[in-house]
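Shown next: upload15.cif, given as mmCIF, N, CA and C atoms.
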data_data
loop_
_atom_site.label_atom_id
_atom_site.label_comp_id
_atom_site.auth_asym_id
_atom_site.auth_seq_id
_atom_site.Cartn_x
_atom_site.Cartn_y
_atom_site.Cartn_z
N MET A 1 26.21 76.54 102.14
CA MET A 1 26.34 77.97 102.36
C MET A 1 25.87 78.72 101.11
N VAL A 2 25.07 79.73 101.31
CA VAL A 2 24.61 80.53 100.18
C VAL A 2 25.82 81.15 99.49
N ASP A 3 25.87 80.99 98.19
CA ASP A 3 26.96 81.56 97.39
C ASP A 3 26.68 83.05 97.23
N ARG A 4 27.17 83.83 98.18
CA ARG A 4 26.87 85.26 98.22
C ARG A 4 27.30 85.99 96.94
N PRO A 5 28.49 85.72 96.40
CA PRO A 5 28.84 86.40 95.15
C PRO A 5 27.84 86.11 94.02
N ARG A 6 27.34 84.88 93.96
CA ARG A 6 26.37 84.53 92.92
C ARG A 6 25.05 85.26 93.15
N VAL A 7 24.59 85.29 94.39
CA VAL A 7 23.35 86.01 94.71
C VAL A 7 23.52 87.49 94.37
N ASP A 8 24.65 88.07 94.75
CA ASP A 8 24.90 89.48 94.44
C ASP A 8 24.92 89.73 92.94
N GLN A 9 25.53 88.80 92.19
CA GLN A 9 25.58 88.93 90.73
C GLN A 9 24.17 88.88 90.14
N LEU A 10 23.36 87.94 90.60
CA LEU A 10 21.99 87.83 90.11
C LEU A 10 21.17 89.07 90.46
N LEU A 11 21.33 89.58 91.68
CA LEU A 11 20.58 90.77 92.08
C LEU A 11 21.03 92.00 91.30
N ALA A 12 22.31 92.07 90.93
CA ALA A 12 22.79 93.17 90.09
C ALA A 12 22.17 93.07 88.69
N MET A 13 22.09 91.86 88.16
CA MET A 13 21.42 91.66 86.87
C MET A 13 19.96 92.07 86.96
N LEU A 14 19.31 91.68 88.05
CA LEU A 14 17.90 92.04 88.26
C LEU A 14 17.75 93.56 88.26
N ALA A 15 18.61 94.25 88.96
CA ALA A 15 18.54 95.72 89.02
C ALA A 15 18.70 96.32 87.62
N ARG A 16 19.58 95.74 86.81
CA ARG A 16 19.78 96.25 85.45
C ARG A 16 18.53 96.05 84.60
N TYR A 17 17.92 94.87 84.69
CA TYR A 17 16.69 94.62 83.94
C TYR A 17 15.59 95.58 84.37
N VAL A 18 15.48 95.81 85.66
CA VAL A 18 14.43 96.70 86.17
C VAL A 18 14.68 98.14 85.71
N ARG A 19 15.94 98.55 85.62
CA ARG A 19 16.24 99.90 85.08
C ARG A 19 15.72 100.02 83.65
N PHE A 20 15.97 99.01 82.82
CA PHE A 20 15.47 99.03 81.45
C PHE A 20 13.94 99.10 81.44
N LEU A 21 13.31 98.31 82.30
CA LEU A 21 11.85 98.29 82.36
C LEU A 21 11.29 99.63 82.82
N ARG A 22 11.97 100.26 83.76
CA ARG A 22 11.50 101.58 84.23
C ARG A 22 11.57 102.62 83.11
N GLU A 23 12.61 102.52 82.30
CA GLU A 23 12.70 103.43 81.15
C GLU A 23 11.52 103.21 80.21
N LEU A 24 11.21 101.94 79.93
CA LEU A 24 10.09 101.64 79.04
C LEU A 24 8.76 102.06 79.66
N ALA A 25 8.66 102.02 80.97
CA ALA A 25 7.41 102.40 81.65
C ALA A 25 7.10 103.88 81.47
N THR A 26 8.11 104.69 81.18
CA THR A 26 7.87 106.13 81.00
C THR A 26 7.27 106.44 79.63
N THR A 27 7.28 105.47 78.74
CA THR A 27 6.69 105.66 77.42
C THR A 27 5.17 105.69 77.55
N PRO A 28 4.50 106.70 77.04
CA PRO A 28 3.03 106.73 77.11
C PRO A 28 2.45 105.44 76.50
N VAL A 29 1.36 104.97 77.09
CA VAL A 29 0.81 103.67 76.70
C VAL A 29 0.48 103.59 75.21
N ASP A 30 -0.03 104.64 74.62
CA ASP A 30 -0.35 104.62 73.18
C ASP A 30 0.91 104.43 72.35
N GLU A 31 1.97 105.14 72.71
CA GLU A 31 3.23 105.01 72.00
C GLU A 31 3.86 103.64 72.26
N PHE A 32 3.74 103.18 73.49
CA PHE A 32 4.29 101.87 73.88
C PHE A 32 3.65 100.76 73.06
N THR A 33 2.33 100.78 72.97
CA THR A 33 1.62 99.70 72.26
C THR A 33 1.73 99.82 70.75
N ALA A 34 2.01 101.00 70.24
CA ALA A 34 2.10 101.20 68.79
C ALA A 34 3.39 100.66 68.19
N ASP A 35 4.43 100.55 69.01
CA ASP A 35 5.72 100.11 68.50
C ASP A 35 6.08 98.75 69.10
N PRO A 36 6.08 97.70 68.30
CA PRO A 36 6.37 96.37 68.82
C PRO A 36 7.75 96.25 69.46
N ARG A 37 8.65 97.14 69.11
CA ARG A 37 9.98 97.09 69.75
C ARG A 37 9.88 97.46 71.23
N ASN A 38 8.93 98.33 71.57
CA ASN A 38 8.74 98.69 72.98
C ASN A 38 8.25 97.51 73.79
N PHE A 39 7.12 96.94 73.37
CA PHE A 39 6.57 95.86 74.19
C PHE A 39 7.37 94.57 74.03
N GLY A 40 8.02 94.38 72.89
CA GLY A 40 8.90 93.21 72.74
C GLY A 40 10.07 93.29 73.71
N SER A 41 10.67 94.46 73.82
CA SER A 41 11.76 94.64 74.78
C SER A 41 11.25 94.48 76.20
N ALA A 42 10.10 95.06 76.47
CA ALA A 42 9.53 94.97 77.82
C ALA A 42 9.23 93.52 78.18
N GLU A 43 8.64 92.78 77.25
CA GLU A 43 8.34 91.37 77.53
C GLU A 43 9.62 90.60 77.86
N ARG A 44 10.64 90.82 77.08
CA ARG A 44 11.89 90.07 77.29
C ARG A 44 12.55 90.45 78.61
N PHE A 45 12.65 91.74 78.88
CA PHE A 45 13.29 92.15 80.14
C PHE A 45 12.45 91.77 81.34
N LEU A 46 11.13 91.77 81.19
CA LEU A 46 10.27 91.30 82.27
C LEU A 46 10.49 89.81 82.51
N GLN A 47 10.57 89.05 81.44
CA GLN A 47 10.85 87.61 81.58
C GLN A 47 12.19 87.40 82.28
N LEU A 48 13.21 88.12 81.86
CA LEU A 48 14.53 87.97 82.46
C LEU A 48 14.51 88.35 83.95
N ALA A 49 13.79 89.41 84.29
CA ALA A 49 13.70 89.83 85.68
C ALA A 49 13.03 88.74 86.52
N ILE A 50 11.94 88.20 86.01
CA ILE A 50 11.24 87.14 86.74
C ILE A 50 12.12 85.91 86.86
N GLU A 51 12.75 85.51 85.77
CA GLU A 51 13.64 84.35 85.80
C GLU A 51 14.76 84.54 86.82
N THR A 52 15.25 85.76 86.93
CA THR A 52 16.33 86.04 87.87
C THR A 52 15.85 85.89 89.31
N THR A 53 14.64 86.37 89.61
CA THR A 53 14.12 86.19 90.97
C THR A 53 13.96 84.70 91.27
N LEU A 54 13.51 83.95 90.29
CA LEU A 54 13.35 82.51 90.49
C LEU A 54 14.70 81.82 90.68
N SER A 55 15.72 82.26 89.95
CA SER A 55 17.06 81.69 90.12
C SER A 55 17.59 81.95 91.52
N VAL A 56 17.40 83.17 91.99
CA VAL A 56 17.83 83.49 93.36
C VAL A 56 17.06 82.62 94.34
N GLY A 57 15.76 82.53 94.14
CA GLY A 57 14.94 81.72 95.04
C GLY A 57 15.36 80.26 95.05
N HIS A 58 15.57 79.69 93.88
CA HIS A 58 16.01 78.29 93.80
C HIS A 58 17.35 78.10 94.52
N HIS A 59 18.24 79.05 94.35
CA HIS A 59 19.56 78.94 94.98
C HIS A 59 19.42 78.92 96.51
N VAL A 60 18.66 79.87 97.04
CA VAL A 60 18.49 79.93 98.50
C VAL A 60 17.78 78.68 99.01
N ILE A 61 16.74 78.27 98.31
CA ILE A 61 15.99 77.08 98.72
C ILE A 61 16.89 75.85 98.75
N ALA A 62 17.68 75.66 97.70
CA ALA A 62 18.56 74.49 97.64
C ALA A 62 19.63 74.55 98.72
N ASP A 63 20.21 75.72 98.90
CA ASP A 63 21.27 75.85 99.89
C ASP A 63 20.78 75.60 101.31
N ARG A 64 19.60 76.10 101.61
CA ARG A 64 19.09 76.00 102.97
C ARG A 64 18.35 74.69 103.22
N GLY A 65 18.15 73.89 102.19
CA GLY A 65 17.48 72.61 102.37
C GLY A 65 15.99 72.75 102.60
N PHE A 66 15.40 73.82 102.09
CA PHE A 66 13.95 74.00 102.20
C PHE A 66 13.27 73.02 101.26
N GLY A 67 11.97 72.89 101.37
CA GLY A 67 11.21 71.97 100.51
C GLY A 67 11.41 72.26 99.04
N GLN A 68 11.40 71.23 98.26
CA GLN A 68 11.61 71.34 96.81
C GLN A 68 10.37 71.92 96.13
N PRO A 69 10.49 73.06 95.44
CA PRO A 69 9.32 73.61 94.75
C PRO A 69 8.94 72.76 93.55
N THR A 70 7.64 72.58 93.36
CA THR A 70 7.16 71.80 92.22
C THR A 70 6.63 72.70 91.10
N THR A 71 6.49 73.99 91.39
CA THR A 71 6.08 74.98 90.39
C THR A 71 6.91 76.24 90.62
N TYR A 72 6.86 77.14 89.66
CA TYR A 72 7.55 78.42 89.85
C TYR A 72 6.89 79.22 90.96
N ALA A 73 5.58 79.20 91.03
CA ALA A 73 4.89 79.93 92.10
C ALA A 73 5.29 79.39 93.47
N ALA A 74 5.57 78.09 93.54
CA ALA A 74 5.96 77.49 94.81
C ALA A 74 7.30 78.03 95.31
N VAL A 75 8.14 78.51 94.42
CA VAL A 75 9.41 79.12 94.84
C VAL A 75 9.11 80.28 95.79
N PHE A 76 8.20 81.15 95.39
CA PHE A 76 7.86 82.30 96.23
C PHE A 76 7.16 81.85 97.51
N ALA A 77 6.28 80.85 97.39
CA ALA A 77 5.57 80.35 98.57
C ALA A 77 6.56 79.80 99.61
N ILE A 78 7.54 79.05 99.16
CA ILE A 78 8.54 78.49 100.07
C ILE A 78 9.37 79.60 100.70
N LEU A 79 9.77 80.58 99.89
CA LEU A 79 10.55 81.69 100.43
C LEU A 79 9.75 82.44 101.51
N GLY A 80 8.45 82.55 101.32
CA GLY A 80 7.61 83.18 102.33
C GLY A 80 7.47 82.32 103.57
N LYS A 81 7.24 81.04 103.37
CA LYS A 81 7.07 80.10 104.50
C LYS A 81 8.32 80.03 105.36
N GLU A 82 9.48 80.11 104.73
CA GLU A 82 10.74 79.95 105.45
C GLU A 82 11.33 81.27 105.96
N GLY A 83 10.62 82.38 105.75
CA GLY A 83 11.07 83.65 106.30
C GLY A 83 12.10 84.40 105.48
N VAL A 84 12.35 83.93 104.27
CA VAL A 84 13.25 84.67 103.38
C VAL A 84 12.55 85.94 102.92
N LEU A 85 11.28 85.79 102.58
CA LEU A 85 10.42 86.91 102.19
C LEU A 85 9.29 87.04 103.20
N ASP A 86 8.77 88.23 103.31
CA ASP A 86 7.56 88.43 104.10
C ASP A 86 6.48 87.54 103.48
N PRO A 87 5.76 86.75 104.29
CA PRO A 87 4.78 85.80 103.72
C PRO A 87 3.71 86.46 102.85
N GLY A 88 3.20 87.61 103.27
CA GLY A 88 2.20 88.30 102.46
C GLY A 88 2.77 88.76 101.13
N PHE A 89 3.98 89.26 101.16
CA PHE A 89 4.64 89.69 99.93
C PHE A 89 4.90 88.50 99.01
N ALA A 90 5.31 87.38 99.60
CA ALA A 90 5.55 86.18 98.80
C ALA A 90 4.29 85.77 98.05
N THR A 91 3.15 85.87 98.71
CA THR A 91 1.87 85.55 98.07
C THR A 91 1.60 86.51 96.91
N GLU A 92 1.93 87.79 97.11
CA GLU A 92 1.75 88.78 96.05
C GLU A 92 2.62 88.48 94.83
N LEU A 93 3.76 87.82 95.06
CA LEU A 93 4.67 87.52 93.96
C LEU A 93 4.26 86.30 93.14
N GLU A 94 3.41 85.45 93.68
CA GLU A 94 3.06 84.22 92.97
C GLU A 94 2.51 84.47 91.56
N PRO A 95 1.68 85.50 91.34
CA PRO A 95 1.24 85.75 89.96
C PRO A 95 2.40 86.07 89.00
N MET A 96 3.52 86.54 89.55
CA MET A 96 4.68 86.82 88.73
C MET A 96 5.15 85.52 88.05
N ALA A 97 5.09 84.42 88.77
CA ALA A 97 5.49 83.14 88.20
C ALA A 97 4.55 82.74 87.06
N ARG A 98 3.28 83.02 87.25
CA ARG A 98 2.32 82.71 86.18
C ARG A 98 2.57 83.61 84.96
N MET A 99 2.95 84.87 85.23
CA MET A 99 3.28 85.77 84.12
C MET A 99 4.51 85.25 83.37
N ARG A 100 5.47 84.71 84.08
CA ARG A 100 6.64 84.12 83.44
C ARG A 100 6.21 83.02 82.47
N ASN A 101 5.31 82.18 82.92
CA ASN A 101 4.83 81.09 82.07
C ASN A 101 4.11 81.62 80.84
N ARG A 102 3.33 82.68 81.02
CA ARG A 102 2.65 83.28 79.87
C ARG A 102 3.65 83.89 78.90
N LEU A 103 4.66 84.56 79.43
CA LEU A 103 5.67 85.18 78.57
C LEU A 103 6.43 84.13 77.77
N VAL A 104 6.65 82.98 78.36
CA VAL A 104 7.43 81.93 77.70
C VAL A 104 6.56 81.06 76.78
N HIS A 105 5.37 80.71 77.25
CA HIS A 105 4.57 79.72 76.53
C HIS A 105 3.35 80.27 75.79
N HIS A 106 2.83 81.39 76.23
CA HIS A 106 1.60 81.94 75.63
C HIS A 106 1.78 83.41 75.28
N TYR A 107 2.95 83.74 74.79
CA TYR A 107 3.31 85.12 74.49
C TYR A 107 2.36 85.79 73.50
N GLU A 108 1.74 85.00 72.64
CA GLU A 108 0.84 85.58 71.63
C GLU A 108 -0.46 86.11 72.24
N ASP A 109 -0.74 85.71 73.48
CA ASP A 109 -1.99 86.12 74.14
C ASP A 109 -1.83 87.31 75.08
N ILE A 110 -0.65 87.89 75.14
CA ILE A 110 -0.42 88.97 76.10
C ILE A 110 -0.58 90.31 75.39
N ALA A 111 -1.51 91.09 75.88
CA ALA A 111 -1.76 92.41 75.29
C ALA A 111 -0.64 93.37 75.70
N PRO A 112 -0.12 94.12 74.74
CA PRO A 112 0.92 95.10 75.07
C PRO A 112 0.50 96.07 76.17
N ALA A 113 -0.76 96.45 76.20
CA ALA A 113 -1.23 97.36 77.25
C ALA A 113 -1.12 96.71 78.63
N ARG A 114 -1.29 95.39 78.71
CA ARG A 114 -1.14 94.67 79.98
C ARG A 114 0.31 94.72 80.45
N ILE A 115 1.24 94.56 79.52
CA ILE A 115 2.67 94.66 79.88
C ILE A 115 2.95 96.07 80.41
N HIS A 116 2.44 97.08 79.73
CA HIS A 116 2.66 98.46 80.18
C HIS A 116 2.08 98.67 81.57
N GLU A 117 0.91 98.10 81.83
CA GLU A 117 0.29 98.20 83.15
C GLU A 117 1.19 97.59 84.23
N ILE A 118 1.78 96.45 83.94
CA ILE A 118 2.69 95.80 84.89
C ILE A 118 3.90 96.71 85.13
N LEU A 119 4.44 97.26 84.07
CA LEU A 119 5.60 98.15 84.21
C LEU A 119 5.26 99.38 85.05
N SER A 120 4.04 99.83 84.94
CA SER A 120 3.61 101.03 85.66
C SER A 120 3.27 100.75 87.12
N SER A 121 3.02 99.49 87.46
CA SER A 121 2.50 99.22 88.81
C SER A 121 3.26 98.19 89.63
N ARG A 122 4.10 97.37 89.02
CA ARG A 122 4.67 96.23 89.77
C ARG A 122 6.20 96.18 89.82
N LEU A 123 6.90 97.13 89.24
CA LEU A 123 8.36 97.03 89.21
C LEU A 123 8.99 97.14 90.59
N ASP A 124 8.33 97.85 91.50
CA ASP A 124 8.87 97.95 92.86
C ASP A 124 8.93 96.59 93.54
N ASP A 125 8.13 95.63 93.07
CA ASP A 125 8.19 94.28 93.64
C ASP A 125 9.59 93.68 93.50
N PHE A 126 10.25 93.97 92.40
CA PHE A 126 11.59 93.44 92.19
C PHE A 126 12.58 94.04 93.19
N ASP A 127 12.44 95.34 93.45
CA ASP A 127 13.31 95.99 94.43
C ASP A 127 13.06 95.42 95.82
N ARG A 128 11.80 95.25 96.15
CA ARG A 128 11.44 94.71 97.45
C ARG A 128 11.96 93.28 97.60
N PHE A 129 11.85 92.48 96.55
CA PHE A 129 12.39 91.12 96.56
C PHE A 129 13.88 91.16 96.87
N ALA A 130 14.62 92.00 96.14
CA ALA A 130 16.07 92.08 96.34
C ALA A 130 16.41 92.52 97.76
N GLU A 131 15.67 93.48 98.28
CA GLU A 131 15.92 93.95 99.65
C GLU A 131 15.70 92.85 100.67
N GLN A 132 14.61 92.11 100.52
CA GLN A 132 14.29 91.07 101.49
C GLN A 132 15.27 89.90 101.40
N VAL A 133 15.64 89.51 100.21
CA VAL A 133 16.62 88.43 100.06
C VAL A 133 17.97 88.86 100.63
N THR A 134 18.37 90.08 100.34
CA THR A 134 19.64 90.58 100.85
C THR A 134 19.63 90.60 102.38
N ARG A 135 18.54 91.06 102.96
CA ARG A 135 18.43 91.10 104.42
C ARG A 135 18.53 89.68 104.99
N TYR A 136 17.87 88.74 104.35
CA TYR A 136 17.92 87.35 104.81
C TYR A 136 19.35 86.80 104.73
N VAL A 137 19.98 86.97 103.58
CA VAL A 137 21.33 86.43 103.39
C VAL A 137 22.31 87.12 104.33
N ASP A 138 22.14 88.42 104.55
CA ASP A 138 23.00 89.13 105.49
C ASP A 138 22.88 88.57 106.90
N GLY A 139 21.72 88.03 107.24
CA GLY A 139 21.48 87.52 108.58
C GLY A 139 21.95 86.09 108.79
N LEU A 140 22.39 85.43 107.74
CA LEU A 140 22.88 84.06 107.88
C LEU A 140 24.24 84.06 108.55
N THR A 141 24.42 83.15 109.43
CA THR A 141 25.74 83.01 110.06
C THR A 141 26.48 81.87 109.39
N PRO A 142 27.77 82.04 109.18
CA PRO A 142 28.51 80.96 108.54
C PRO A 142 28.55 79.72 109.44
N PRO A 143 28.62 78.56 108.82
CA PRO A 143 28.71 77.34 109.62
C PRO A 143 30.01 77.33 110.43
N PRO A 144 29.97 76.73 111.62
CA PRO A 144 31.20 76.68 112.44
C PRO A 144 32.28 75.84 111.76
N GLY A 145 33.52 76.26 112.05
CA GLY A 145 34.68 75.50 111.64
C GLY A 145 34.99 75.55 110.23
#
Take the structure in the file and write it out as structure tokens.
Amino acid sequence: MVDRPRVDQLLAMLARYVRFLRELATTPVDEFTADPRNFGSAERFLQLAIETTLSVGHHVIADRGFGQPTTYAAVFAILGKEGVLDPGFATELEPMARMRNRLVHHYEDIAPARIHEILSSRLDDFDRFAEQVTRYVDGLTPPPG
């Protein structure tokens, strides 16, 4: 059974990270890139937001007995294949997993302006993810007995 309190806790954390990111997105790009505290905070909160979506995805996948993901991108692919997420949207999220890997392993190669661009254009993906996961979990029926 999906641990609903845990999923709700993770989605609340995700919403908090996205709020911080939205605040940073309002900073003009020149000011954002000029101050390493801006893009450093954005990188970290973006990483945390992505990690949280992956944690939720892993939890649902494990609970429902879906196929075991072999990559982070596969988490989104499985969620799309199994109807947790809209399949087209799941495909759109796969680059998020690659961005997670860059943030963790190749952080020195990420241009601050690219982070600002993501903040300006992709934060709604996190809201959409939370909405679709919530809708899916709400539709689960408890096991009999």
key: Per-residue DSSP, chain A, filtered to helix (DSSP H, G or I), as a PyMOL selection string   = chain A and resi 4-25+29-34+36-64+72-81+87-105+107-109+112-121+124-138
Exercise: Arg98 (chain A) partners within 12 Å, only C-alpha atoms, chain neighbours under 5 positions left out, as number ranges by chain = A: 47, 50-51, 54, 71-76, 92-93, 103-107
ask   = Which polymer residues have any atom within 8 Å of an atom of Ile78 (chain A), counting only C-alpha atoms, with same-chain residues fewer than 6 positions away left out, as number ranges by chain?
value = A: 61, 66-67, 69
Dump as a PDB file, in the frame of the given file, selection limited to N, CA and C atoms:
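After the write, out.pdb holds the following:
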ATOM      1  N   ILE A  61      16.740  78.270  98.310  1.00  0.00           N
ATOM      2  CA  ILE A  61      15.990  77.080  98.720  1.00  0.00           C
ATOM      3  C   ILE A  61      16.890  75.850  98.750  1.00  0.00           C
ATOM      4  N   PHE A  66      15.400  73.820 102.090  1.00  0.00           N
ATOM      5  CA  PHE A  66      13.950  74.000 102.200  1.00  0.00           C
ATOM      6  C   PHE A  66      13.270  73.020 101.260  1.00  0.00           C
ATOM      7  N   GLY A  67      11.970  72.890 101.370  1.00  0.00           N
ATOM      8  CA  GLY A  67      11.210  71.970 100.510  1.00  0.00           C
ATOM      9  C   GLY A  67      11.410  72.260  99.040  1.00  0.00           C
ATOM     10  N   PRO A  69      10.490  73.060  95.440  1.00  0.00           N
ATOM     11  CA  PRO A  69       9.320  73.610  94.750  1.00  0.00           C
ATOM     12  C   PRO A  69       8.940  72.760  93.550  1.00  0.00           C
TER      13      PRO A  69
END
request  = Work out how far apart atom C of Ala15 (chain A) and CA of Gln68 (chain A) are and give it in Å to one decimal.
outcome  =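 Between these atoms lies a distance of 27.5 Å.
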ask   = Of the candidates A:Val7, A:Leu140, A:Ala113, A:Val133, which shows the shortest atom-to-atom distance to Asn38 (chain A), using only C-alpha atoms?
value = A:Ala113
Å distance separating CA of Arg22 (chain A) from atom C of His58 (chain A), one decimal place =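 Between CA of Arg22 (chain A) and atom C of His58 (chain A) the gap is 26.3 Å.
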Which of A:Asp3, A:Ala34, A:Thr52, A:Asp63 sits closest to Tyr17 (chain A) [using only C-alpha atoms] =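 When distances to Tyr17 (chain A) are compared using only C-alpha atoms, the smallest one comes from A:Thr52.
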Box time for region 53-57 of chain A: axis-aligned, enclosing all its listed atoms, 6 Å extra on each side; report centre and edge lengths in Å to one decimal, as JSON.
{"center_x": 15.6, "center_y": 83.3, "center_z": 92.3, "size_x": 16.5, "size_y": 18.1, "size_z": 17.4}
Apply the PyMOL selection byres ((chain A and resi 42) around 8) to the structure shown and report the selected residues as a short mmCIF file (atom, residue, chain, number, x, y, z; two decimals) with N, CA and C atoms, keeping the file's coordinate frame.
data_model
loop_
_atom_site.label_atom_id
_atom_site.label_comp_id
_atom_site.auth_asym_id
_atom_site.auth_seq_id
_atom_site.Cartn_x
_atom_site.Cartn_y
_atom_site.Cartn_z
N PHE A 20 15.97 99.01 82.82
CA PHE A 20 15.47 99.03 81.45
C PHE A 20 13.94 99.10 81.44
N LEU A 21 13.31 98.31 82.30
CA LEU A 21 11.85 98.29 82.36
C LEU A 21 11.29 99.63 82.82
N LEU A 24 11.21 101.94 79.93
CA LEU A 24 10.09 101.64 79.04
C LEU A 24 8.76 102.06 79.66
N ALA A 25 8.66 102.02 80.97
CA ALA A 25 7.41 102.40 81.65
C ALA A 25 7.10 103.88 81.47
N PRO A 36 6.08 97.70 68.30
CA PRO A 36 6.37 96.37 68.82
C PRO A 36 7.75 96.25 69.46
N ARG A 37 8.65 97.14 69.11
CA ARG A 37 9.98 97.09 69.75
C ARG A 37 9.88 97.46 71.23
N ASN A 38 8.93 98.33 71.57
CA ASN A 38 8.74 98.69 72.98
C ASN A 38 8.25 97.51 73.79
N PHE A 39 7.12 96.94 73.37
CA PHE A 39 6.57 95.86 74.19
C PHE A 39 7.37 94.57 74.03
N GLY A 40 8.02 94.38 72.89
CA GLY A 40 8.90 93.21 72.74
C GLY A 40 10.07 93.29 73.71
N SER A 41 10.67 94.46 73.82
CA SER A 41 11.76 94.64 74.78
C SER A 41 11.25 94.48 76.20
N GLU A 43 8.64 92.78 77.25
CA GLU A 43 8.34 91.37 77.53
C GLU A 43 9.62 90.60 77.86
N ARG A 44 10.64 90.82 77.08
CA ARG A 44 11.89 90.07 77.29
C ARG A 44 12.55 90.45 78.61
N PHE A 45 12.65 91.74 78.88
CA PHE A 45 13.29 92.15 80.14
C PHE A 45 12.45 91.77 81.34
N LEU A 46 11.13 91.77 81.19
CA LEU A 46 10.27 91.30 82.27
C LEU A 46 10.49 89.81 82.51
N GLN A 47 10.57 89.05 81.44
CA GLN A 47 10.85 87.61 81.58
C GLN A 47 12.19 87.40 82.28
N LEU A 48 13.21 88.12 81.86
CA LEU A 48 14.53 87.97 82.46
C LEU A 48 14.51 88.35 83.95
N ILE A 115 1.24 94.56 79.52
CA ILE A 115 2.67 94.66 79.88
C ILE A 115 2.95 96.07 80.41
N HIS A 116 2.44 97.08 79.73
CA HIS A 116 2.66 98.46 80.18
C HIS A 116 2.08 98.67 81.57
#
inquiry  = Given only N, CA and C atoms as the basis, pick out the residue of A:Arg64, A:Leu14, A:Ala49, A:Asp109 nearest to Val2 (chain A).
reply    =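 Selected residue with least distance to Val2 (chain A): A:Arg64.
Atom N of Asp125 (chain A) is positioned 12.2 Å from CA of Arg19 (chain A).
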task = Select, from A:Ser55, A:Val84, A:Gly65, A:Met13, the residue with the minimum atom-to-atom distance to Val137 (chain A), counting all atoms listed in the file.
result =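 Smallest distance to Val137 (chain A) is found for A:Val84.
Between Pro112 (chain A) and the residues A:Asp138, A:Glu31, A:Asp124, A:Glu94, the shortest atom-to-atom distance, using only C-alpha atoms, involves A:Glu31.
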request  = Rank nothing, just name the residue among A:Tyr136, A:Thr33, A:Pro87, A:Ala77 nearest to Ala111 (chain A), using only C-alpha atoms.
outcome  =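 Counting only C-alpha atoms, the residue closest to Ala111 (chain A) is A:Thr33.
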Need the shell around Arg128 (chain A): protein/DNA/RNA residues with any atom at most 10 Å away, counting only C-alpha atoms. Skip same-chain ones fewer than 6 positions apart. Format as a compact mmCIF listing (two decimals) with N, CA and C atoms, in the frame of the given file?
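Here's the written file around.txt:
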# COMPACT_ATOMS: atom_id res chain seq x y z
N LEU A 85 11.28 85.79 102.58
CA LEU A 85 10.42 86.91 102.19
C LEU A 85 9.29 87.04 103.20
N ASP A 86 8.77 88.23 103.31
CA ASP A 86 7.56 88.43 104.10
C ASP A 86 6.48 87.54 103.48
N PHE A 89 3.98 89.26 101.16
CA PHE A 89 4.64 89.69 99.93
C PHE A 89 4.90 88.50 99.01
N THR A 134 18.37 90.08 100.34
CA THR A 134 19.64 90.58 100.85
C THR A 134 19.63 90.60 102.38
